[in-house]
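K.L.:
Here it is, the structure in full.
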Amino acid sequence: MSTFEQAYSWINLRFLLEGLWVTLEVSVISIILSFIIGLILGVIRYVKIKYLSAAVGFLIDIIRNLPLLLIIFFTYFGLPELGLRMTPMLAAVTALVVFESAMLAEIVRSGIQAVPVGQMEGARSSGLTYVQAMWHIIMPQALQKMIPPLVSQFISLVKDTSLATIIVLPELLYHAQIIYSQNTTYMVPMYLMIAVMYFVVCYCLSLVARRLEKRYG
């Protein structure tokens, strides 16, 4: 029996799928939370609320210029020193949400700025309040323009979950490492398999993005 056949036994594949499930779970939770927070922060940055917008912008600039791995380390190893202990799952989600929210906030701000100014002026002249105009007129158009960069950032988020293996999160890469640590000849087959799994997940996201672009573009 070849090395690949042994490496791809049902037991090993099932173990990898368990890791993939954790990867998907962390990814979905992080995508939803970071999108909501990023949307709020992006709007705050755009409307230029006195002091608040500047403070949010300053915080976003700091986070965007920090390595994600450093944020993961601080969340898992640093926060316990301040009395806040987290499980690997919660630490990974927290770090990803903090980092991705900052990245998405700039995408949201850019998307809103891409909407012609006349749209807001026309909405206000029709009797809508600023908030109503933002919600019903500006944001739908902005979200259409944001689809490609948003999905690109979500794909990056899925791949970034592999960094959480450093804090012993039982995700896909960590499970693969456990398998080939027991037999080093399985290293290449394991890396090939997780590459295929990541590709399938990320490619499905890109297909969703293309469909949304065709529908709303």
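Identifiers in this document derive from the order of the structure tokens: chains are assigned A, B, ..., residues are numbered from 1 separately in each chain, and ligands are numbered from 1 in order of occurrence.
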Neighbours of range 21-26 of chain A within 8 Å (only C-alpha atoms; same-chain residues fewer than 4 positions away dropped), as an mmCIF file with N, CA, C and O atoms, in the first residue's frame?
P.N.:
data_model
loop_
_atom_site.group_PDB
_atom_site.id
_atom_site.type_symbol
_atom_site.label_atom_id
_atom_site.label_comp_id
_atom_site.auth_asym_id
_atom_site.auth_seq_id
_atom_site.Cartn_x
_atom_site.Cartn_y
_atom_site.Cartn_z
ATOM 1 N N LEU A 17 -11.570 16.244 8.515
ATOM 2 C CA LEU A 17 -12.883 16.870 8.360
ATOM 3 C C LEU A 17 -13.355 17.494 9.671
ATOM 4 O O LEU A 17 -14.027 18.534 9.662
ATOM 5 N N SER A 30 -16.684 34.571 12.700
ATOM 6 C CA SER A 30 -15.828 35.756 12.543
ATOM 7 C C SER A 30 -16.306 36.640 11.398
ATOM 8 O O SER A 30 -16.282 37.875 11.498
ATOM 9 N N MET A 89 -10.740 28.693 20.976
ATOM 10 C CA MET A 89 -11.784 29.067 20.024
ATOM 11 C C MET A 89 -12.185 30.529 20.191
ATOM 12 O O MET A 89 -12.227 31.297 19.228
ATOM 13 N N ALA A 92 -9.331 32.911 19.189
ATOM 14 C CA ALA A 92 -9.172 32.993 17.732
ATOM 15 C C ALA A 92 -10.251 33.871 17.114
ATOM 16 O O ALA A 92 -9.965 34.731 16.274
ATOM 17 N N VAL A 93 -11.501 33.658 17.530
ATOM 18 C CA VAL A 93 -12.610 34.452 16.996
ATOM 19 C C VAL A 93 -12.437 35.925 17.356
ATOM 20 O O VAL A 93 -12.608 36.810 16.512
ATOM 21 N N VAL A 158 -10.695 33.228 6.047
ATOM 22 C CA VAL A 158 -10.725 31.762 6.114
ATOM 23 C C VAL A 158 -9.306 31.198 6.162
ATOM 24 O O VAL A 158 -8.996 30.311 6.964
ATOM 25 N N THR A 161 -7.365 31.645 9.496
ATOM 26 C CA THR A 161 -7.690 30.800 10.651
ATOM 27 C C THR A 161 -6.570 29.807 10.935
ATOM 28 O O THR A 161 -6.439 29.334 12.065
ATOM 29 N N SER A 162 -5.765 29.505 9.923
ATOM 30 C CA SER A 162 -4.660 28.557 10.116
ATOM 31 C C SER A 162 -3.617 29.096 11.098
ATOM 32 O O SER A 162 -2.874 28.315 11.708
ATOM 33 N N PRO A 170 -7.989 23.466 17.540
ATOM 34 C CA PRO A 170 -8.055 22.214 16.776
ATOM 35 C C PRO A 170 -8.674 22.387 15.396
ATOM 36 O O PRO A 170 -9.675 21.744 15.057
ATOM 37 N N GLU A 171 -8.091 23.276 14.589
ATOM 38 C CA GLU A 171 -8.614 23.502 13.233
ATOM 39 C C GLU A 171 -7.905 22.586 12.248
ATOM 40 O O GLU A 171 -7.166 21.685 12.626
ATOM 41 N N LEU A 172 -8.112 22.832 10.970
ATOM 42 C CA LEU A 172 -7.653 21.922 9.925
ATOM 43 C C LEU A 172 -6.150 21.694 9.949
ATOM 44 O O LEU A 172 -5.678 20.547 9.946
#
K.L.:
Write out as a list in words the residues lying within 8 Å of range 182-186 of chain A, counting only C-alpha atoms and excluding same-chain residues fewer than 6 positions away.
P.N.:
Thr3, Phe4 and Ala7 of chain A
K.L.:
Quick one: residues within 9 Å of range 144-157 of chain A, only C-alpha atoms, excluding same-chain residues fewer than 4 positions away - as a ChimeraX atom specification?
P.N.:
/A:27,30-31,35,96,100,103-104,107-108,110-112,114-115,139-140,161,201-203,205-206,208-210,212-213,216-217
K.L.:
For Leu59 in chain A, which residue among A:Leu39, A:Ala102, A:Leu82, A:Val47 is the nearest when counting only C-alpha atoms?
P.N.:
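Going through A:Leu39, A:Ala102, A:Leu82, A:Val47 one by one, the smallest distance to Leu59 in chain A is for A:Ala102.
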K.L.:
Work out how far CA of Val168 in chain A is from CA of Glu5 in chain A, in Å to one decimal.
P.N.:
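Computing it gives 27.5 Å between the two atoms.
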K.L.:
Counting only C-alpha atoms, which residue out of A:Lys159, A:Gly57, A:Ile71, A:Leu66 sits closest to Val200 in chain A?
P.N.:
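Residue with the minimum atom-to-atom distance to Val200 in chain A: A:Lys159.
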K.L.:
Neighbours of Met134 in chain A within 12 Å (only C-alpha atoms; same-chain residues fewer than 5 positions away dropped), as a PDB file with N, CA, C and O atoms, in the first residue's frame?
P.N.:
ATOM      1  N   VAL A  43     -19.234  53.280   8.676  1.00  0.00           N
ATOM      2  CA  VAL A  43     -20.209  54.380   8.607  1.00  0.00           C
ATOM      3  C   VAL A  43     -19.767  55.524   9.510  1.00  0.00           C
ATOM      4  O   VAL A  43     -19.855  56.701   9.127  1.00  0.00           O
ATOM      5  N   ILE A  44     -19.272  55.192  10.705  1.00  0.00           N
ATOM      6  CA  ILE A  44     -18.790  56.236  11.616  1.00  0.00           C
ATOM      7  C   ILE A  44     -17.641  57.011  10.978  1.00  0.00           C
ATOM      8  O   ILE A  44     -17.562  58.243  11.087  1.00  0.00           O
ATOM      9  N   TYR A  46     -17.171  57.450   7.819  1.00  0.00           N
ATOM     10  CA  TYR A  46     -17.663  58.225   6.672  1.00  0.00           C
ATOM     11  C   TYR A  46     -18.396  59.490   7.098  1.00  0.00           C
ATOM     12  O   TYR A  46     -18.183  60.562   6.516  1.00  0.00           O
ATOM     13  N   VAL A  47     -19.262  59.375   8.127  1.00  0.00           N
ATOM     14  CA  VAL A  47     -20.099  60.519   8.482  1.00  0.00           C
ATOM     15  C   VAL A  47     -19.325  61.598   9.233  1.00  0.00           C
ATOM     16  O   VAL A  47     -19.821  62.707   9.410  1.00  0.00           O
ATOM     17  N   ILE A 112     -18.970  53.458   0.417  1.00  0.00           N
ATOM     18  CA  ILE A 112     -19.929  54.562   0.553  1.00  0.00           C
ATOM     19  C   ILE A 112     -19.447  55.779  -0.217  1.00  0.00           C
ATOM     20  O   ILE A 112     -20.238  56.467  -0.881  1.00  0.00           O
ATOM     21  N   GLN A 113     -18.161  56.058  -0.165  1.00  0.00           N
ATOM     22  CA  GLN A 113     -17.611  57.208  -0.882  1.00  0.00           C
ATOM     23  C   GLN A 113     -17.738  57.042  -2.395  1.00  0.00           C
ATOM     24  O   GLN A 113     -17.761  58.041  -3.124  1.00  0.00           O
ATOM     25  N   VAL A 115     -20.303  55.995  -3.947  1.00  0.00           N
ATOM     26  CA  VAL A 115     -21.660  56.343  -4.385  1.00  0.00           C
ATOM     27  C   VAL A 115     -21.681  57.835  -4.721  1.00  0.00           C
ATOM     28  O   VAL A 115     -21.232  58.659  -3.914  1.00  0.00           O
ATOM     29  N   VAL A 117     -22.334  61.678  -4.987  1.00  0.00           N
ATOM     30  CA  VAL A 117     -22.884  62.607  -3.985  1.00  0.00           C
ATOM     31  C   VAL A 117     -24.322  62.984  -4.307  1.00  0.00           C
ATOM     32  O   VAL A 117     -25.146  63.208  -3.410  1.00  0.00           O
ATOM     33  N   GLN A 119     -26.706  61.235  -5.153  1.00  0.00           N
ATOM     34  CA  GLN A 119     -27.679  60.288  -4.616  1.00  0.00           C
ATOM     35  C   GLN A 119     -28.185  60.752  -3.243  1.00  0.00           C
ATOM     36  O   GLN A 119     -29.369  60.688  -2.956  1.00  0.00           O
ATOM     37  N   MET A 120     -27.256  61.202  -2.406  1.00  0.00           N
ATOM     38  CA  MET A 120     -27.645  61.702  -1.085  1.00  0.00           C
ATOM     39  C   MET A 120     -28.455  62.982  -1.223  1.00  0.00           C
ATOM     40  O   MET A 120     -29.478  63.172  -0.539  1.00  0.00           O
ATOM     41  N   GLU A 121     -28.013  63.872  -2.102  1.00  0.00           N
ATOM     42  CA  GLU A 121     -28.722  65.134  -2.279  1.00  0.00           C
ATOM     43  C   GLU A 121     -30.142  64.901  -2.787  1.00  0.00           C
ATOM     44  O   GLU A 121     -31.094  65.534  -2.325  1.00  0.00           O
ATOM     45  N   GLY A 122     -30.288  63.958  -3.719  1.00  0.00           N
ATOM     46  CA  GLY A 122     -31.615  63.650  -4.242  1.00  0.00           C
ATOM     47  C   GLY A 122     -32.513  63.028  -3.183  1.00  0.00           C
ATOM     48  O   GLY A 122     -33.702  63.339  -3.104  1.00  0.00           O
ATOM     49  N   ALA A 123     -31.926  62.146  -2.346  1.00  0.00           N
ATOM     50  CA  ALA A 123     -32.707  61.504  -1.290  1.00  0.00           C
ATOM     51  C   ALA A 123     -33.174  62.529  -0.263  1.00  0.00           C
ATOM     52  O   ALA A 123     -34.324  62.498   0.196  1.00  0.00           O
ATOM     53  N   ARG A 124     -32.286  63.464   0.096  1.00  0.00           N
ATOM     54  CA  ARG A 124     -32.648  64.487   1.093  1.00  0.00           C
ATOM     55  C   ARG A 124     -33.705  65.437   0.532  1.00  0.00           C
ATOM     56  O   ARG A 124     -34.607  65.864   1.258  1.00  0.00           O
ATOM     57  N   LEU A 128     -36.406  62.596   2.771  1.00  0.00           N
ATOM     58  CA  LEU A 128     -35.831  61.603   3.670  1.00  0.00           C
ATOM     59  C   LEU A 128     -34.844  62.251   4.634  1.00  0.00           C
ATOM     60  O   LEU A 128     -34.159  63.212   4.279  1.00  0.00           O
ATOM     61  N   THR A 129     -34.785  61.732   5.849  1.00  0.00           N
ATOM     62  CA  THR A 129     -33.775  62.206   6.787  1.00  0.00           C
ATOM     63  C   THR A 129     -32.414  61.633   6.376  1.00  0.00           C
ATOM     64  O   THR A 129     -32.336  60.755   5.513  1.00  0.00           O
ATOM     65  N   MET A 139     -26.585  52.955   1.290  1.00  0.00           N
ATOM     66  CA  MET A 139     -26.004  51.670   1.674  1.00  0.00           C
ATOM     67  C   MET A 139     -26.272  50.549   0.663  1.00  0.00           C
ATOM     68  O   MET A 139     -25.358  49.771   0.364  1.00  0.00           O
ATOM     69  N   PRO A 140     -27.492  50.413   0.107  1.00  0.00           N
ATOM     70  CA  PRO A 140     -27.705  49.363  -0.901  1.00  0.00           C
ATOM     71  C   PRO A 140     -26.766  49.497  -2.099  1.00  0.00           C
ATOM     72  O   PRO A 140     -26.244  48.499  -2.608  1.00  0.00           O
ATOM     73  N   GLN A 141     -26.555  50.740  -2.556  1.00  0.00           N
ATOM     74  CA  GLN A 141     -25.647  50.951  -3.687  1.00  0.00           C
ATOM     75  C   GLN A 141     -24.197  50.687  -3.288  1.00  0.00           C
ATOM     76  O   GLN A 141     -23.415  50.100  -4.051  1.00  0.00           O
ATOM     77  N   ALA A 142     -23.848  51.115  -2.073  1.00  0.00           N
ATOM     78  CA  ALA A 142     -22.479  50.922  -1.598  1.00  0.00           C
ATOM     79  C   ALA A 142     -22.158  49.441  -1.440  1.00  0.00           C
ATOM     80  O   ALA A 142     -21.064  48.992  -1.795  1.00  0.00           O
ATOM     81  N   LEU A 143     -23.110  48.675  -0.923  1.00  0.00           N
ATOM     82  CA  LEU A 143     -22.879  47.238  -0.715  1.00  0.00           C
ATOM     83  C   LEU A 143     -22.636  46.515  -2.035  1.00  0.00           C
ATOM     84  O   LEU A 143     -21.842  45.573  -2.092  1.00  0.00           O
TER      85      LEU A 143
END
K.L.:
Between CA of Leu70 in chain A and CA of Leu33 in chain A, what is the distance, to one decimal in Å?
P.N.:
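Here the two named atoms are 20.2 Å from each other.
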K.L.:
Tell me, as a VMD selection string, which residues lie within 8 Å of Arg45 in chain A, counting only C-alpha atoms; anything in the same chain fewer than 6 positions away does not count.
P.N.:
chain A and resid 53 to 54 56 to 57 105 109
K.L.:
Go through A:Gln177, A:Gly118, A:Leu84, A:Val97 and flag the residue nearest Ala133 in chain A, using only C-alpha atoms for the distances.
P.N.:
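Among the listed residues, the smallest separation from Ala133 in chain A belongs to A:Gly118.
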K.L.:
Looking at only C-alpha atoms, which of A:Ile63, A:Met187, A:Leu41, A:Ile166 is the one that sits closest to Ala91 in chain A?
P.N.:
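Distance minimum relative to Ala91 in chain A lands on A:Ile166.
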K.L.:
Provide the CA of Tyr174 in chain A to CA of Met197 in chain A distance in Å, to one decimal place.
P.N.:
13.8 Å
